Amino acid sequence: MATYTDLKRDDYRATIDGKPVDLFTLRNGRGMVVRITNYGAKIEQILVPDRDGVLGDVVQGYDTIDGATGGQPSMGSFIGRYCGRIDGGRFTLDGVEHQASVNSPPNTVHGGQRGSRFRVFDARQLDEASLELTYVFQDGEEGFPGTLPVRLVYSLGDDNALTIAWTAVAADKTTIANFTDHTFFNLSGDLGSSILDHVATVHAGRYLALSDTAVPTGEVVDVTGTPLDFRKPAAFGDRIDADDRMLALGKGYDLHYVIDKPASGPAPALQARILHPGSGRTLEVLSTESGLQLYTGNFLEGKAPRDIGKGGTLYTRHSAFCAEPSKFPNAVNIPSFPSTVLRPGQWYAGSIVYRFGVA
């Protein structure tokens, strides 16, 4: 008997901003299932087996499109045009200052007031295991310059790996771009339970220091001797209440790690591995990007209706974690960080892989 909520396609069919919204299902040959809506390109469900072969839902999401539009806006979303925070929402390109929409005062976060997590993508199911989503960021949208078309392909392999691959191009003006995925995971399959027992390994010896408004300052800090060090496996809950400024600022883990051995080409590199000891489920996170934002659901509040999820489950603090590969937040304002600037005609291609297994 299923212990997860069976999402219904009809409960996601709607028209938003004059565009059709739907729920799409991907399946592989091993029984894994992924359900995605083209509203925000959100991953609403991932069904994977535990060590006994029992399928469970390992991502938080919503039963209906109304739940998704009224719920946590980042939950499951593809984030663009620029993920993470931009200091004051301001940046300068070729001597011209731009002001992006401020939605987390005093900063811009995750693309502004109506970044991609609020937009309807054009959708085309390519086959049983893959989905194409496209969106065009318009010149001036959310205060960002330049037209930026993006194409996403979500594909599910028989190795139980979900790949999110993107290509985007600066169509007419110099612009900036930084993408990530913001899926909220709970590998136990009990989506309202704590993830503090999950054991994480992150292949990073440094992290980005943050200002008091949680924006990277440009300082890169060694994790050695701090509660932020996950180079050896440790449970999220082991040190989450330690006396550390970064933990206090984020009310838990919410910081960007600098990957030790980032990908040097189109093949994604392993960034992190998370284990849920009880179920045996594992998640490996691979990406082409240079950093990884690790977040432990510190601002899930169990508030209705925003935090009432699938099957009436209440999403409370630390009931999910996010592992968000990307380029460094605020990089457009920090010359020492790898560039996120795209010149006219320049392409930005990358990928994130979530590979599931058991231990």
# chains A, B, ... in the order shown; residues from 1 in each chain; ligands from 1
>>> select_by_dssp(residues="stretch 39-125 of chain A", states="strand (DSSP E)", output="PyMOL selection string")
chain A and resi 42-49+55-57+77-79+85-86+90-93+96-99+108-109+122-125
>>> residues_around(residues="stretch 312-326 of chain A", least_positions_apart="2", cutoff="6 Å", atoms="only C-alpha atoms", output="JSON list (two decimals) with N, CA, C and O atoms, in the first residue's frame")
[["chain", "number", "residue", "atom", "x", "y", "z"],
["A", 180, "THR", "N", 19.94, 27.65, -10.51],
["A", 180, "THR", "CA", 20.01, 26.49, -9.63],
["A", 180, "THR", "C", 18.65, 25.83, -9.56],
["A", 180, "THR", "O", 17.65, 26.33, -10.09],
["A", 181, "ASP", "N", 18.61, 24.69, -8.87],
["A", 181, "ASP", "CA", 17.37, 24.01, -8.54],
["A", 181, "ASP", "C", 17.17, 24.09, -7.04],
["A", 181, "ASP", "O", 18.13, 23.99, -6.27],
["A", 184, "PHE", "N", 13.27, 20.68, -2.18],
["A", 184, "PHE", "CA", 13.34, 20.43, -0.75],
["A", 184, "PHE", "C", 13.25, 18.91, -0.51],
["A", 184, "PHE", "O", 12.21, 18.31, -0.74],
["A", 185, "PHE", "N", 14.33, 18.32, -0.01],
["A", 185, "PHE", "CA", 14.43, 16.87, 0.14],
["A", 185, "PHE", "C", 14.21, 16.42, 1.58],
["A", 185, "PHE", "O", 14.64, 17.08, 2.53],
["A", 186, "ASN", "N", 13.57, 15.27, 1.72],
["A", 186, "ASN", "CA", 13.54, 14.53, 2.98],
["A", 186, "ASN", "C", 13.60, 13.05, 2.59],
["A", 186, "ASN", "O", 12.60, 12.49, 2.12],
["A", 192, "GLY", "N", 7.08, 15.28, 6.79],
["A", 192, "GLY", "CA", 6.95, 16.21, 7.90],
["A", 192, "GLY", "C", 7.94, 15.98, 9.01],
["A", 192, "GLY", "O", 7.97, 16.72, 10.00],
["A", 193, "SER", "N", 8.79, 14.97, 8.85],
["A", 193, "SER", "CA", 9.73, 14.62, 9.91],
["A", 193, "SER", "C", 11.02, 15.42, 9.80],
["A", 193, "SER", "O", 11.33, 16.00, 8.76],
["A", 194, "SER", "N", 11.80, 15.43, 10.85],
["A", 194, "SER", "CA", 13.06, 16.18, 10.88],
["A", 194, "SER", "C", 14.12, 15.53, 9.99],
["A", 194, "SER", "O", 14.20, 14.30, 9.89],
["A", 195, "ILE", "N", 14.93, 16.37, 9.36],
["A", 195, "ILE", "CA", 16.06, 15.87, 8.57],
["A", 195, "ILE", "C", 17.38, 15.97, 9.35],
["A", 195, "ILE", "O", 18.46, 15.74, 8.79],
["A", 289, "GLU", "N", 28.58, 23.27, -11.75],
["A", 289, "GLU", "CA", 28.78, 24.58, -11.14],
["A", 289, "GLU", "C", 29.88, 24.53, -10.07],
["A", 289, "GLU", "O", 30.30, 23.47, -9.63],
["A", 291, "GLY", "N", 29.93, 25.98, -6.94],
["A", 291, "GLY", "CA", 29.58, 26.06, -5.53],
["A", 291, "GLY", "C", 28.32, 25.29, -5.22],
["A", 291, "GLY", "O", 27.61, 24.80, -6.12],
["A", 292, "LEU", "N", 28.03, 25.17, -3.91],
["A", 292, "LEU", "CA", 26.84, 24.46, -3.45],
["A", 292, "LEU", "C", 26.26, 25.18, -2.25],
["A", 292, "LEU", "O", 26.92, 25.34, -1.22],
["A", 293, "GLN", "N", 25.00, 25.63, -2.38],
["A", 293, "GLN", "CA", 24.28, 26.20, -1.25],
["A", 293, "GLN", "C", 23.63, 25.06, -0.48],
["A", 293, "GLN", "O", 22.86, 24.28, -1.05],
["A", 294, "LEU", "N", 23.95, 24.97, 0.80],
["A", 294, "LEU", "CA", 23.36, 23.94, 1.65],
["A", 294, "LEU", "C", 22.42, 24.61, 2.63],
["A", 294, "LEU", "O", 22.80, 25.55, 3.35],
["A", 295, "TYR", "N", 21.16, 24.13, 2.66],
["A", 295, "TYR", "CA", 20.11, 24.78, 3.45],
["A", 295, "TYR", "C", 19.32, 23.70, 4.18],
["A", 295, "TYR", "O", 18.95, 22.68, 3.57],
["A", 296, "THR", "N", 19.04, 23.91, 5.45],
["A", 296, "THR", "CA", 18.37, 22.90, 6.25],
["A", 296, "THR", "C", 16.94, 23.28, 6.64],
["A", 296, "THR", "O", 16.49, 22.99, 7.73],
["A", 297, "GLY", "N", 16.23, 23.93, 5.74],
["A", 297, "GLY", "CA", 14.82, 24.21, 5.95],
["A", 297, "GLY", "C", 14.54, 25.05, 7.18],
["A", 297, "GLY", "O", 13.54, 24.87, 7.87],
["A", 298, "ASN", "N", 15.42, 26.03, 7.42],
["A", 298, "ASN", "CA", 15.34, 26.81, 8.66],
["A", 298, "ASN", "C", 14.13, 27.73, 8.73],
["A", 298, "ASN", "O", 13.73, 28.15, 9.82],
["A", 300, "LEU", "N", 11.09, 27.04, 7.15],
["A", 300, "LEU", "CA", 9.80, 26.36, 7.11],
["A", 300, "LEU", "C", 9.17, 26.55, 8.49],
["A", 300, "LEU", "O", 9.80, 26.30, 9.51],
["A", 301, "GLU", "N", 7.92, 26.99, 8.52],
["A", 301, "GLU", "CA", 7.35, 27.44, 9.78],
["A", 301, "GLU", "C", 6.10, 26.68, 10.22],
["A", 301, "GLU", "O", 5.54, 26.96, 11.28],
["A", 302, "GLY", "N", 5.65, 25.73, 9.40],
["A", 302, "GLY", "CA", 4.43, 25.02, 9.77],
["A", 302, "GLY", "C", 3.21, 25.90, 9.82],
["A", 302, "GLY", "O", 2.29, 25.67, 10.61],
["A", 307, "ASP", "N", 2.51, 26.27, 4.45],
["A", 307, "ASP", "CA", 3.33, 25.11, 4.77],
["A", 307, "ASP", "C", 2.53, 23.84, 4.93],
["A", 307, "ASP", "O", 3.01, 22.87, 5.52],
["A", 308, "ILE", "N", 1.30, 23.81, 4.40],
["A", 308, "ILE", "CA", 0.54, 22.57, 4.36],
["A", 308, "ILE", "C", 0.77, 21.92, 3.01],
["A", 308, "ILE", "O", 0.38, 22.45, 1.97],
["A", 309, "GLY", "N", 1.43, 20.79, 3.01],
["A", 309, "GLY", "CA", 1.85, 20.15, 1.78],
["A", 309, "GLY", "C", 1.02, 18.94, 1.41],
["A", 309, "GLY", "O", -0.16, 18.82, 1.79],
["A", 310, "LYS", "N", 1.63, 18.04, 0.68],
["A", 310, "LYS", "CA", 0.94, 16.86, 0.15],
["A", 310, "LYS", "C", 0.32, 16.03, 1.27],
["A", 310, "LYS", "O", 0.96, 15.80, 2.30]]
>>> closest_residue(among="A:Arg90, A:Asp139, A:Asp212, A:Leu55", to="A:Thr108", atoms="only C-alpha atoms")
A:Arg90
>>> residues_around(residues="A:Tyr207", least_positions_apart="4", cutoff="7 Å", atoms="only C-alpha atoms", output="PyMOL selection string")
chain A and resi 220-223+256-258
>>> write_last_selection(atoms="N, CA, C and O atoms", output="mmCIF file, in the first residue's frame")
data_model
loop_
_atom_site.group_PDB
_atom_site.id
_atom_site.type_symbol
_atom_site.label_atom_id
_atom_site.label_comp_id
_atom_site.auth_asym_id
_atom_site.auth_seq_id
_atom_site.Cartn_x
_atom_site.Cartn_y
_atom_site.Cartn_z
ATOM 1 N N VAL A 220 36.515 34.343 1.509
ATOM 2 C CA VAL A 220 36.370 32.895 1.435
ATOM 3 C C VAL A 220 37.063 32.304 2.658
ATOM 4 O O VAL A 220 38.232 32.589 2.918
ATOM 5 N N VAL A 221 36.336 31.479 3.430
ATOM 6 C CA VAL A 221 36.782 31.059 4.753
ATOM 7 C C VAL A 221 36.983 29.547 4.816
ATOM 8 O O VAL A 221 36.183 28.782 4.261
ATOM 9 N N ASP A 222 38.041 29.128 5.502
ATOM 10 C CA ASP A 222 38.336 27.709 5.706
ATOM 11 C C ASP A 222 37.350 27.126 6.723
ATOM 12 O O ASP A 222 37.080 27.735 7.760
ATOM 13 N N VAL A 223 36.849 25.919 6.447
ATOM 14 C CA VAL A 223 35.897 25.278 7.352
ATOM 15 C C VAL A 223 36.577 24.543 8.506
ATOM 16 O O VAL A 223 35.908 24.135 9.469
ATOM 17 N N HIS A 256 26.995 28.978 1.357
ATOM 18 C CA HIS A 256 27.489 28.537 0.057
ATOM 19 C C HIS A 256 28.903 27.980 0.200
ATOM 20 O O HIS A 256 29.818 28.675 0.639
ATOM 21 N N TYR A 257 29.050 26.715 -0.170
ATOM 22 C CA TYR A 257 30.338 26.039 -0.107
ATOM 23 C C TYR A 257 31.078 26.156 -1.440
ATOM 24 O O TYR A 257 30.466 26.093 -2.514
ATOM 25 N N VAL A 258 32.389 26.307 -1.343
ATOM 26 C CA VAL A 258 33.263 26.353 -2.521
ATOM 27 C C VAL A 258 33.773 24.937 -2.767
ATOM 28 O O VAL A 258 34.548 24.400 -1.957
#
>>> atom_distance(atom1="atom CA of A:Gly76", atom2="atom CA of A:Arg35")
10.4 Å
>>> residues_around(residues="A:Leu93", least_positions_apart="2", cutoff="9 Å", atoms="only C-alpha atoms", output="PyMOL selection string")
chain A and resi 91+95-98+174-176+332+341
